[in-house]
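Trainee: Sharing upload_11.pdb (PDB, C-alpha atoms) below.
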```
ATOM      1  CA  MET A   1       0.000   0.000   0.000
ATOM      2  CA  ALA A   2       1.281   3.431  -0.930
ATOM      3  CA  LEU A   3       1.765   5.927   1.878
ATOM      4  CA  LYS A   4      -0.987   8.561   1.787
ATOM      5  CA  PHE A   5       0.815  11.890   1.741
ATOM      6  CA  GLY A   6      -0.751  15.214   2.692
ATOM      7  CA  ILE A   7       0.654  18.684   2.004
ATOM      8  CA  LEU A   8      -0.075  21.619   4.280
ATOM      9  CA  GLY A   9       0.473  24.812   2.298
ATOM     10  CA  ALA A  10       0.389  25.605  -1.410
ATOM     11  CA  GLY A  11       3.454  27.760  -2.038
ATOM     12  CA  HIS A  12       6.677  27.136  -3.947
ATOM     13  CA  MET A  13       8.046  24.327  -1.757
ATOM     14  CA  ALA A  14       4.634  22.639  -1.645
ATOM     15  CA  GLU A  15       4.570  22.699  -5.449
ATOM     16  CA  ARG A  16       8.036  21.158  -5.721
ATOM     17  CA  MET A  17       7.110  18.457  -3.226
ATOM     18  CA  ALA A  18       3.786  17.688  -4.914
ATOM     19  CA  ASP A  19       5.448  17.352  -8.305
ATOM     20  CA  THR A  20       7.989  14.970  -6.754
ATOM     21  CA  VAL A  21       5.582  12.809  -4.760
ATOM     22  CA  ARG A  22       3.238  12.256  -7.683
ATOM     23  CA  GLN A  23       6.153  10.603  -9.514
ATOM     24  CA  MET A  24       7.037   8.254  -6.659
ATOM     25  CA  LYS A  25       5.950   4.616  -6.625
ATOM     26  CA  ASP A  26       5.380   3.921  -2.931
ATOM     27  CA  VAL A  27       3.814   7.264  -1.972
ATOM     28  CA  GLU A  28       0.437   8.676  -3.032
ATOM     29  CA  LEU A  29      -0.240  12.406  -3.250
ATOM     30  CA  TYR A  30      -3.461  12.041  -1.325
ATOM     31  CA  ALA A  31      -4.483  15.477  -0.006
ATOM     32  CA  ALA A  32      -3.591  19.147  -0.064
ATOM     33  CA  ALA A  33      -4.699  21.992   2.195
ATOM     34  CA  SER A  34      -4.492  25.751   1.852
ATOM     35  CA  ARG A  35      -6.057  28.758   3.560
ATOM     36  CA  THR A  36      -8.822  28.866   0.953
ATOM     37  CA  GLU A  37     -10.736  26.055  -0.693
ATOM     38  CA  GLU A  38     -10.259  27.634  -4.106
ATOM     39  CA  LYS A  39      -6.472  27.605  -3.824
ATOM     40  CA  ALA A  40      -6.469  24.078  -2.392
ATOM     41  CA  ARG A  41      -8.690  22.823  -5.243
ATOM     42  CA  GLU A  42      -6.505  24.435  -7.908
ATOM     43  CA  PHE A  43      -3.384  22.925  -6.296
ATOM     44  CA  ALA A  44      -4.962  19.458  -6.056
ATOM     45  CA  GLU A  45      -6.144  19.533  -9.649
ATOM     46  CA  ARG A  46      -2.752  20.674 -10.923
ATOM     47  CA  TYR A  47      -0.814  17.924  -9.149
ATOM     48  CA  GLY A  48      -3.401  15.152  -9.010
ATOM     49  CA  ALA A  49      -4.139  15.042  -5.287
ATOM     50  CA  VAL A  50      -7.181  12.936  -4.417
ATOM     51  CA  LYS A  51      -8.601  15.397  -1.883
ATOM     52  CA  TYR A  52      -8.289  19.073  -1.031
ATOM     53  CA  TYR A  53      -9.198  21.160   1.996
ATOM     54  CA  GLY A  54      -9.744  24.864   2.533
ATOM     55  CA  SER A  55      -8.387  24.677   6.075
ATOM     56  CA  TYR A  56      -5.344  23.083   7.647
ATOM     57  CA  GLU A  57      -7.448  21.622  10.454
ATOM     58  CA  ALA A  58      -9.504  19.622   7.965
ATOM     59  CA  LEU A  59      -6.352  17.995   6.591
ATOM     60  CA  MET A  60      -5.277  17.028  10.097
ATOM     61  CA  GLU A  61      -8.682  15.482  10.761
ATOM     62  CA  ASP A  62      -8.611  13.265   7.658
ATOM     63  CA  ALA A  63      -8.150   9.766   9.050
ATOM     64  CA  GLU A  64      -6.628   8.526   5.777
ATOM     65  CA  VAL A  65      -3.631  10.880   5.819
ATOM     66  CA  GLU A  66      -0.507   9.046   6.997
ATOM     67  CA  LEU A  67       2.145  11.795   6.748
ATOM     68  CA  ILE A  68       1.777  15.578   6.588
ATOM     69  CA  TYR A  69       4.426  17.741   4.958
ATOM     70  CA  ILE A  70       4.356  21.310   6.287
ATOM     71  CA  ALA A  71       5.508  23.855   3.695
ATOM     72  CA  THR A  72       4.397  27.174   5.139
ATOM     73  CA  PRO A  73       6.416  30.275   6.169
ATOM     74  CA  ASN A  74       8.956  29.870   8.965
ATOM     75  CA  HIS A  75       6.972  31.551  11.738
ATOM     76  CA  LEU A  76       4.068  29.103  11.322
ATOM     77  CA  HIS A  77       6.058  25.876  11.625
ATOM     78  CA  TYR A  78       5.894  25.491  15.396
ATOM     79  CA  GLN A  79       2.150  25.986  15.821
ATOM     80  CA  GLN A  80       1.180  23.934  12.775
ATOM     81  CA  ALA A  81       3.457  21.018  13.609
ATOM     82  CA  ARG A  82       2.177  21.112  17.179
ATOM     83  CA  ALA A  83      -1.422  20.889  15.945
ATOM     84  CA  CYS A  84      -0.571  17.969  13.639
ATOM     85  CA  ILE A  85       1.106  16.069  16.463
ATOM     86  CA  GLN A  86      -1.885  16.642  18.730
ATOM     87  CA  HIS A  87      -4.041  15.128  15.992
ATOM     88  CA  GLY A  88      -1.709  12.121  15.949
ATOM     89  CA  LYS A  89      -0.374  12.898  12.475
ATOM     90  CA  PRO A  90       3.249  12.129  11.547
ATOM     91  CA  VAL A  91       5.033  15.258  10.333
ATOM     92  CA  LEU A  92       7.745  16.094   7.805
ATOM     93  CA  LEU A  93       8.468  19.718   8.715
ATOM     94  CA  GLU A  94      10.189  21.972   6.200
ATOM     95  CA  LYS A  95      13.366  23.718   7.324
ATOM     96  CA  PRO A  96      13.943  25.737   9.368
ATOM     97  CA  PHE A  97      12.313  23.301  11.777
ATOM     98  CA  THR A  98      11.288  26.123  14.105
ATOM     99  CA  LEU A  99      12.480  29.630  14.940
ATOM    100  CA  ASN A 100      14.759  28.445  17.752
ATOM    101  CA  GLU A 101      15.971  25.465  19.735
ATOM    102  CA  ARG A 102      13.436  25.990  22.514
ATOM    103  CA  GLN A 103      10.543  25.576  20.092
ATOM    104  CA  ALA A 104      12.271  22.597  18.466
ATOM    105  CA  GLN A 105      12.730  20.874  21.810
ATOM    106  CA  ALA A 106       9.082  21.491  22.716
ATOM    107  CA  LEU A 107       7.900  19.895  19.451
ATOM    108  CA  ILE A 108      10.191  16.896  19.849
ATOM    109  CA  ASP A 109       9.077  16.389  23.457
ATOM    110  CA  LEU A 110       5.436  16.564  22.383
ATOM    111  CA  ALA A 111       5.989  14.095  19.547
ATOM    112  CA  GLU A 112       7.763  11.652  21.831
ATOM    113  CA  MET A 113       5.054  11.989  24.475
ATOM    114  CA  HIS A 114       2.350  11.181  21.910
ATOM    115  CA  GLN A 115       4.550   8.632  20.085
ATOM    116  CA  VAL A 116       4.174  10.505  16.789
ATOM    117  CA  PHE A 117       6.795  10.564  14.033
ATOM    118  CA  LEU A 118       8.495  13.926  13.425
ATOM    119  CA  CYS A 119      11.317  14.858  11.043
ATOM    120  CA  GLU A 120      12.926  18.011   9.679
ATOM    121  CA  ALA A 121      12.885  18.202   5.878
ATOM    122  CA  MET A 122      16.575  19.018   5.520
ATOM    123  CA  TRP A 123      16.703  17.313   2.139
ATOM    124  CA  VAL A 124      20.466  17.431   1.644
ATOM    125  CA  ARG A 125      20.910  15.185   4.687
ATOM    126  CA  PHE A 126      19.135  12.379   2.797
ATOM    127  CA  MET A 127      20.934  12.576  -0.547
ATOM    128  CA  PRO A 128      22.969   9.497  -1.559
ATOM    129  CA  LEU A 129      25.797  11.548  -3.067
ATOM    130  CA  MET A 130      26.597  13.097   0.326
ATOM    131  CA  HIS A 131      26.559   9.696   2.026
ATOM    132  CA  GLN A 132      28.986   8.412  -0.606
ATOM    133  CA  LEU A 133      31.209  11.460  -0.125
ATOM    134  CA  LYS A 134      31.274  10.998   3.644
ATOM    135  CA  ARG A 135      32.313   7.361   3.246
ATOM    136  CA  GLU A 136      35.178   8.426   0.984
ATOM    137  CA  ILE A 137      36.361  10.997   3.522
ATOM    138  CA  GLU A 138      36.099   8.511   6.390
ATOM    139  CA  LYS A 139      38.308   6.117   4.394
ATOM    140  CA  GLY A 140      40.968   8.828   4.263
ATOM    141  CA  ARG A 141      40.602   9.800   0.607
ATOM    142  CA  ILE A 142      42.037  13.282   1.269
ATOM    143  CA  GLY A 143      43.767  12.513   4.550
ATOM    144  CA  GLU A 144      42.793  14.407   7.674
ATOM    145  CA  VAL A 145      40.208  17.106   7.004
ATOM    146  CA  THR A 146      41.531  20.497   8.099
ATOM    147  CA  ALA A 147      38.949  22.940   6.754
ATOM    148  CA  VAL A 148      35.582  23.369   5.039
ATOM    149  CA  THR A 149      34.280  26.365   3.110
ATOM    150  CA  ALA A 150      30.803  26.770   1.630
ATOM    151  CA  ASP A 151      28.628  29.517   0.203
ATOM    152  CA  ILE A 152      25.054  29.962  -0.888
ATOM    153  CA  GLY A 153      23.204  32.946  -2.269
ATOM    154  CA  TYR A 154      20.087  33.897  -4.167
ATOM    155  CA  ASP A 155      18.653  37.283  -5.049
ATOM    156  CA  LEU A 156      15.682  37.248  -2.673
ATOM    157  CA  ARG A 157      15.439  40.975  -1.995
ATOM    158  CA  GLU A 158      11.891  41.222  -3.331
ATOM    159  CA  LYS A 159      10.529  38.230  -1.395
ATOM    160  CA  GLU A 160       8.274  39.788   1.227
ATOM    161  CA  ARG A 161       8.387  37.116   3.923
ATOM    162  CA  LEU A 162      12.189  37.141   3.916
ATOM    163  CA  ASN A 163      12.171  40.863   4.650
ATOM    164  CA  ARG A 164       9.973  40.481   7.726
ATOM    165  CA  LEU A 165      11.253  39.650  11.196
ATOM    166  CA  ASP A 166       7.734  38.683  12.254
ATOM    167  CA  MET A 167       7.805  35.896   9.646
ATOM    168  CA  GLY A 168      11.232  34.559  10.621
ATOM    169  CA  GLY A 169      12.871  36.223   7.633
ATOM    170  CA  GLY A 170      16.483  36.824   6.701
ATOM    171  CA  ALA A 171      19.193  34.873   4.940
ATOM    172  CA  LEU A 172      20.273  32.647   7.832
ATOM    173  CA  LEU A 173      17.188  30.482   8.392
ATOM    174  CA  ASP A 174      16.250  30.173   4.721
ATOM    175  CA  VAL A 175      19.579  29.681   2.964
ATOM    176  CA  GLY A 176      22.283  29.934   5.622
ATOM    177  CA  VAL A 177      21.188  26.572   6.996
ATOM    178  CA  TYR A 178      22.764  24.879   3.967
ATOM    179  CA  PRO A 179      26.417  25.882   4.422
ATOM    180  CA  VAL A 180      26.057  25.288   8.162
ATOM    181  CA  THR A 181      24.584  21.841   7.497
ATOM    182  CA  PHE A 182      27.358  21.108   5.007
ATOM    183  CA  ALA A 183      29.996  21.880   7.639
ATOM    184  CA  LEU A 184      28.219  19.796  10.291
ATOM    185  CA  GLN A 185      27.942  16.835   7.931
ATOM    186  CA  ILE A 186      31.666  16.886   7.189
ATOM    187  CA  LEU A 187      33.205  18.098  10.450
ATOM    188  CA  GLY A 188      30.644  16.982  13.032
ATOM    189  CA  LYS A 189      29.467  18.656  16.220
ATOM    190  CA  GLU A 190      32.611  19.180  18.305
ATOM    191  CA  ILE A 191      32.598  22.958  17.872
ATOM    192  CA  ASP A 192      34.782  25.014  20.171
ATOM    193  CA  ASN A 193      33.965  28.513  18.949
ATOM    194  CA  ILE A 194      31.516  30.333  16.686
ATOM    195  CA  SER A 195      32.121  33.845  15.338
ATOM    196  CA  THR A 196      30.077  35.781  12.801
ATOM    197  CA  SER A 197      29.678  39.027  10.882
ATOM    198  CA  MET A 198      26.410  40.241   9.373
ATOM    199  CA  VAL A 199      24.837  43.019   7.297
ATOM    200  CA  ARG A 200      21.177  43.911   7.869
ATOM    201  CA  MET A 201      18.424  44.843   5.473
ATOM    202  CA  GLY A 202      16.494  48.027   6.215
ATOM    203  CA  SER A 203      13.727  45.848   7.645
ATOM    204  CA  GLY A 204      16.090  44.489  10.306
ATOM    205  CA  VAL A 205      16.571  40.981   8.948
ATOM    206  CA  ASP A 206      20.015  39.673   8.051
ATOM    207  CA  ALA A 207      20.882  40.311   4.395
ATOM    208  CA  GLN A 208      24.144  38.359   4.355
ATOM    209  CA  GLU A 209      26.628  36.892   6.781
ATOM    210  CA  PHE A 210      29.800  34.973   7.367
ATOM    211  CA  VAL A 211      29.762  32.213   9.997
ATOM    212  CA  ASN A 212      33.088  30.818  11.178
ATOM    213  CA  LEU A 213      33.367  27.599  13.163
ATOM    214  CA  VAL A 214      36.454  26.416  15.032
ATOM    215  CA  TYR A 215      36.493  22.745  16.045
ATOM    216  CA  THR A 216      38.144  21.166  19.064
ATOM    217  CA  ASN A 217      40.479  19.173  16.771
ATOM    218  CA  GLY A 218      41.710  22.372  15.095
ATOM    219  CA  ALA A 219      39.604  22.130  11.927
ATOM    220  CA  VAL A 220      37.805  25.273  10.782
ATOM    221  CA  ALA A 221      34.797  26.171   8.621
ATOM    222  CA  GLY A 222      34.181  29.419   6.758
ATOM    223  CA  LEU A 223      30.549  29.756   5.657
ATOM    224  CA  TYR A 224      28.812  32.507   3.660
ATOM    225  CA  ALA A 225      25.109  33.115   2.988
ATOM    226  CA  THR A 226      23.344  35.967   1.225
ATOM    227  CA  MET A 227      19.902  36.977  -0.014
ATOM    228  CA  LEU A 228      21.344  39.806  -2.120
ATOM    229  CA  SER A 229      22.835  37.903  -5.067
ATOM    230  CA  ASN A 230      23.427  34.502  -6.606
ATOM    231  CA  THR A 231      26.619  32.623  -5.739
ATOM    232  CA  ASP A 232      28.242  29.463  -7.107
ATOM    233  CA  LYS A 233      26.953  27.443  -4.110
ATOM    234  CA  GLN A 234      30.126  25.390  -3.853
ATOM    235  CA  GLY A 235      31.406  23.499  -0.885
ATOM    236  CA  LYS A 236      35.101  22.728  -0.497
ATOM    237  CA  ILE A 237      36.720  20.206   1.808
ATOM    238  CA  TYR A 238      40.453  20.516   2.423
ATOM    239  CA  GLY A 239      42.590  17.673   3.721
ATOM    240  CA  THR A 240      46.219  16.880   4.335
ATOM    241  CA  ASP A 241      46.323  14.675   1.191
ATOM    242  CA  GLY A 242      44.096  16.626  -1.211
ATOM    243  CA  TYR A 243      40.800  18.439  -1.442
ATOM    244  CA  ILE A 244      37.249  17.948  -2.713
ATOM    245  CA  VAL A 245      34.961  20.434  -4.460
ATOM    246  CA  VAL A 246      31.197  19.876  -4.221
ATOM    247  CA  ASP A 247      28.913  21.551  -6.747
ATOM    248  CA  ASP A 248      25.621  22.934  -5.383
ATOM    249  CA  ILE A 249      25.378  22.397  -1.645
ATOM    250  CA  ASN A 250      21.618  22.963  -1.953
ATOM    251  CA  ASN A 251      21.110  19.908  -4.200
ATOM    252  CA  TYR A 252      24.424  18.074  -4.436
ATOM    253  CA  PHE A 253      25.217  17.742  -8.145
ATOM    254  CA  CYS A 254      28.698  16.228  -8.133
ATOM    255  CA  TYR A 255      31.983  16.213  -6.284
ATOM    256  CA  ARG A 256      35.500  16.329  -7.668
ATOM    257  CA  VAL A 257      38.542  14.917  -5.902
ATOM    258  CA  TYR A 258      41.899  16.674  -6.328
ATOM    259  CA  SER A 259      45.436  15.808  -5.290
ATOM    260  CA  THR A 260      47.573  18.116  -3.158
ATOM    261  CA  LYS A 261      48.991  19.470  -6.428
ATOM    262  CA  GLY A 262      45.546  20.336  -7.777
ATOM    263  CA  GLU A 263      45.321  17.421 -10.214
ATOM    264  CA  LEU A 264      41.781  16.177 -10.831
ATOM    265  CA  LEU A 265      41.647  12.546  -9.696
ATOM    266  CA  GLU A 266      37.962  11.704  -9.954
ATOM    267  CA  THR A 267      34.527  13.191 -10.636
ATOM    268  CA  VAL A 268      31.460  11.587  -9.043
ATOM    269  CA  GLU A 269      28.009  12.692 -10.204
ATOM    270  CA  ARG A 270      24.738  12.241  -8.391
ATOM    271  CA  PRO A 271      22.430   9.408  -9.508
ATOM    272  CA  GLU A 272      19.386  10.166 -11.620
ATOM    273  CA  GLN A 273      16.649  11.658  -9.449
ATOM    274  CA  ILE A 274      13.166  13.149  -9.609
ATOM    275  CA  SER A 275      14.087  16.352  -7.766
ATOM    276  CA  GLY A 276      16.090  15.199  -4.754
ATOM    277  CA  LEU A 277      13.127  15.613  -2.415
ATOM    278  CA  GLU A 278      12.137  11.997  -2.902
ATOM    279  CA  TYR A 279      14.941  10.791  -0.623
ATOM    280  CA  GLU A 280      13.552  12.470   2.496
ATOM    281  CA  VAL A 281      10.016  11.312   1.685
ATOM    282  CA  GLN A 282      11.180   7.721   1.181
ATOM    283  CA  ALA A 283      13.163   7.850   4.434
ATOM    284  CA  CYS A 284      10.035   8.980   6.279
ATOM    285  CA  ALA A 285       7.970   6.217   4.676
ATOM    286  CA  ASP A 286      10.581   3.644   5.698
ATOM    287  CA  ALA A 287      10.691   4.991   9.252
ATOM    288  CA  LEU A 288       6.908   4.871   9.571
ATOM    289  CA  ARG A 289       6.794   1.296   8.282
ATOM    290  CA  ASN A 290       9.372   0.377  10.925
ATOM    291  CA  ARG A 291       7.453   2.271  13.642
ATOM    292  CA  ARG A 292      10.265   4.743  14.256
ATOM    293  CA  LEU A 293       9.672   8.233  15.647
ATOM    294  CA  GLU A 294      12.542   9.845  13.708
ATOM    295  CA  CYS A 295      14.830   9.363  10.720
ATOM    296  CA  PRO A 296      18.484   8.449  11.324
ATOM    297  CA  GLN A 297      19.530  10.692   8.400
ATOM    298  CA  MET A 298      18.154  13.754  10.253
ATOM    299  CA  SER A 299      17.588  12.716  13.825
ATOM    300  CA  HIS A 300      15.958  14.825  16.506
ATOM    301  CA  GLY A 301      19.422  15.341  17.945
ATOM    302  CA  ASP A 302      20.669  16.616  14.596
ATOM    303  CA  THR A 303      17.792  19.092  14.385
ATOM    304  CA  LEU A 304      18.369  20.366  17.920
ATOM    305  CA  PHE A 305      22.089  20.841  17.348
ATOM    306  CA  LEU A 306      21.519  22.747  14.100
ATOM    307  CA  MET A 307      19.001  25.010  15.825
ATOM    308  CA  ARG A 308      21.487  25.564  18.663
ATOM    309  CA  VAL A 309      24.133  26.736  16.194
ATOM    310  CA  LEU A 310      21.661  29.061  14.465
ATOM    311  CA  ASP A 311      20.527  30.451  17.836
ATOM    312  CA  THR A 312      24.144  31.112  18.810
ATOM    313  CA  VAL A 313      24.744  32.962  15.552
ATOM    314  CA  ARG A 314      21.673  35.146  16.020
ATOM    315  CA  ARG A 315      22.606  35.925  19.610
ATOM    316  CA  THR A 316      25.858  37.451  18.393
ATOM    317  CA  TRP A 317      23.699  39.782  16.287
ATOM    318  CA  ASP A 318      21.187  40.466  19.075
ATOM    319  CA  MET A 319      18.433  39.414  16.657
ATOM    320  CA  GLN A 320      15.139  37.969  17.863
ATOM    321  CA  PHE A 321      11.911  37.081  16.097
ATOM    322  CA  PRO A 322       8.641  38.272  17.674
ATOM    323  CA  GLN A 323       7.138  34.741  17.856
ATOM    324  CA  GLU A 324      10.131  32.782  19.037
ATOM    325  CA  GLU A 325       9.034  32.702  22.666
ATOM    326  CA  ALA A 326       5.710  31.149  21.660
ATOM    327  CA  VAL A 327       6.149  27.800  23.356
ATOM    328  CA  GLN A 328       3.040  26.276  24.905
ATOM    329  CA  ASP A 329       2.575  23.709  27.653
ATOM    330  CA  PHE A 330       1.552  20.206  26.708
TER     331      PHE A 330
END
```
Translate the structure of the given file into structure tokens.

Mentor:
Amino acid sequence: MALKFGILGAGHMAERMADTVRQMKDVELYAAASRTEEKAREFAERYGAVKYYGSYEALMEDAEVELIYIATPNHLHYQQARACIQHGKPVLLEKPFTLNERQAQALIDLAEMHQVFLCEAMWVRFMPLMHQLKREIEKGRIGEVTAVTADIGYDLREKERLNRLDMGGGALLDVGVYPVTFALQILGKEIDNISTSMVRMGSGVDAQEFVNLVYTNGAVAGLYATMLSNTDKQGKIYGTDGYIVVDDINNYFCYRVYSTKGELLETVERPEQISGLEYEVQACADALRNRRLECPQMSHGDTLFLMRVLDTVRRTWDMQFPQEEAVQDF
């Protein structure tokens, strides 16, 4: 039986997910919900969803829905995921998981208390090319890793929600999560120091920033994110016996292995895929079949640590979102 998949929201990410899920074999695009019935119906008709709802509550109350993907603006994630969990619905929650670690911990505690599956949709954590790359590094392909650099940037200046603090806007939570995640995947969690520099938009959100990580073993990471312009989105991993260049840290395209002299030794391309989103959906389906409450590729611990890093970065800027204290009792 195919997993009956529901989508909460009808924006850009919801569209990408719907187009992906409808091409998967073991998952059925079953239902979609938006704030209006008209928008939900148009979305369902476009992507072939069986049902549509003009309210999010109605989607949560559909007994047939087996997994809900939340693809709404950042500031809504906590409350909507909380409501899904209280309805007993497993959740795949788009990144950023929440606005801060406190909200993330509250959601995870609630999910564990109700024994409901919950996972952050950090799609790059599920991609096979990254898992292959990590195995190569662990085998010593470039010796001991000494440094990681990564950048990501899009021209998002005209996107309203990203210019609003009250919607969890700014570069860090929307795109900055990718270079940070890249560094954490390669270098791990043993961070000794975090330092940052940031430029604000007129609205008060972060326009672009550098985030520097120093690890207890002496490795370093230099990470750049911007919503002012497009960048090459490359990740680089430097080791004592060579280095690796990864193309597109937001949807790993390929990686190239170089010697210490800069000679190209190997190019490894990603396997054929629908969009790349299918890997996180399949991982959730597998976890649900095995009665797990989380995915090993992006565990609850991984989500909490990522949120802790992002919180630390924002504290250095003295930046808070209006809703980030909105944590409710069980």

Trainee: Return the single residue from A:Leu118, A:Leu67, A:Ala10, A:Leu59 that is closest to Arg292 of chain A, with distances computed using only C-alpha atoms.

Mentor: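 Between A:Leu118, A:Leu67, A:Ala10, A:Leu59, the residue approaching Arg292 of chain A most closely is A:Leu118.
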
Trainee: Provide the atom CA of Lys134 of chain A to atom CA of Asn251 of chain A distance in Å, to one decimal place.

Mentor: 15.6 Å

Trainee: Show which residues sit within 12 Å of Pro96 of chain A, as a PyMOL selection string. Count only C-alpha atoms, and ignore same-chain residues fewer than 4 positions away.

Mentor: chain A and resi 70-78+92+100-101+103-104+119-123+167-178+181+303-304+306-308+310-311

Trainee: Could the residues in this selection be written to a file with C-alpha atoms, as an mmCIF file, in the coordinates of the input?

Mentor:
```
data_model
loop_
_atom_site.group_PDB
_atom_site.id
_atom_site.type_symbol
_atom_site.label_atom_id
_atom_site.label_comp_id
_atom_site.auth_asym_id
_atom_site.auth_seq_id
_atom_site.Cartn_x
_atom_site.Cartn_y
_atom_site.Cartn_z
ATOM 1 C CA ILE A 70 4.356 21.310 6.287
ATOM 2 C CA ALA A 71 5.508 23.855 3.695
ATOM 3 C CA THR A 72 4.397 27.174 5.139
ATOM 4 C CA PRO A 73 6.416 30.275 6.169
ATOM 5 C CA ASN A 74 8.956 29.870 8.965
ATOM 6 C CA HIS A 75 6.972 31.551 11.738
ATOM 7 C CA LEU A 76 4.068 29.103 11.322
ATOM 8 C CA HIS A 77 6.058 25.876 11.625
ATOM 9 C CA TYR A 78 5.894 25.491 15.396
ATOM 10 C CA LEU A 92 7.745 16.094 7.805
ATOM 11 C CA ASN A 100 14.759 28.445 17.752
ATOM 12 C CA GLU A 101 15.971 25.465 19.735
ATOM 13 C CA GLN A 103 10.543 25.576 20.092
ATOM 14 C CA ALA A 104 12.271 22.597 18.466
ATOM 15 C CA CYS A 119 11.317 14.858 11.043
ATOM 16 C CA GLU A 120 12.926 18.011 9.679
ATOM 17 C CA ALA A 121 12.885 18.202 5.878
ATOM 18 C CA MET A 122 16.575 19.018 5.520
ATOM 19 C CA TRP A 123 16.703 17.313 2.139
ATOM 20 C CA MET A 167 7.805 35.896 9.646
ATOM 21 C CA GLY A 168 11.232 34.559 10.621
ATOM 22 C CA GLY A 169 12.871 36.223 7.633
ATOM 23 C CA GLY A 170 16.483 36.824 6.701
ATOM 24 C CA ALA A 171 19.193 34.873 4.940
ATOM 25 C CA LEU A 172 20.273 32.647 7.832
ATOM 26 C CA LEU A 173 17.188 30.482 8.392
ATOM 27 C CA ASP A 174 16.250 30.173 4.721
ATOM 28 C CA VAL A 175 19.579 29.681 2.964
ATOM 29 C CA GLY A 176 22.283 29.934 5.622
ATOM 30 C CA VAL A 177 21.188 26.572 6.996
ATOM 31 C CA TYR A 178 22.764 24.879 3.967
ATOM 32 C CA THR A 181 24.584 21.841 7.497
ATOM 33 C CA THR A 303 17.792 19.092 14.385
ATOM 34 C CA LEU A 304 18.369 20.366 17.920
ATOM 35 C CA LEU A 306 21.519 22.747 14.100
ATOM 36 C CA MET A 307 19.001 25.010 15.825
ATOM 37 C CA ARG A 308 21.487 25.564 18.663
ATOM 38 C CA LEU A 310 21.661 29.061 14.465
ATOM 39 C CA ASP A 311 20.527 30.451 17.836
#
```

Trainee: Report the distance between atom CA of Asp247 of chain A and atom CA of Met298 of chain A in Å, rounded to one decimal place.

Mentor: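 Going from atom CA of Asp247 of chain A over to atom CA of Met298 of chain A, I get 21.6 Å.
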
Trainee: Restricting the calculation to only C-alpha atoms, which member of A:Tyr47, A:Tyr224, A:Tyr215, A:Phe5 is positioned closest to Ser197 of chain A?

Mentor: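 Closest residue, counting only C-alpha atoms: A:Tyr224.
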
Trainee: Measuring atom to atom with only C-alpha atoms, identify which of A:Phe126, A:Phe97, A:Phe210, A:Phe117 is nearest to Val313 of chain A.

Mentor: A:Phe210
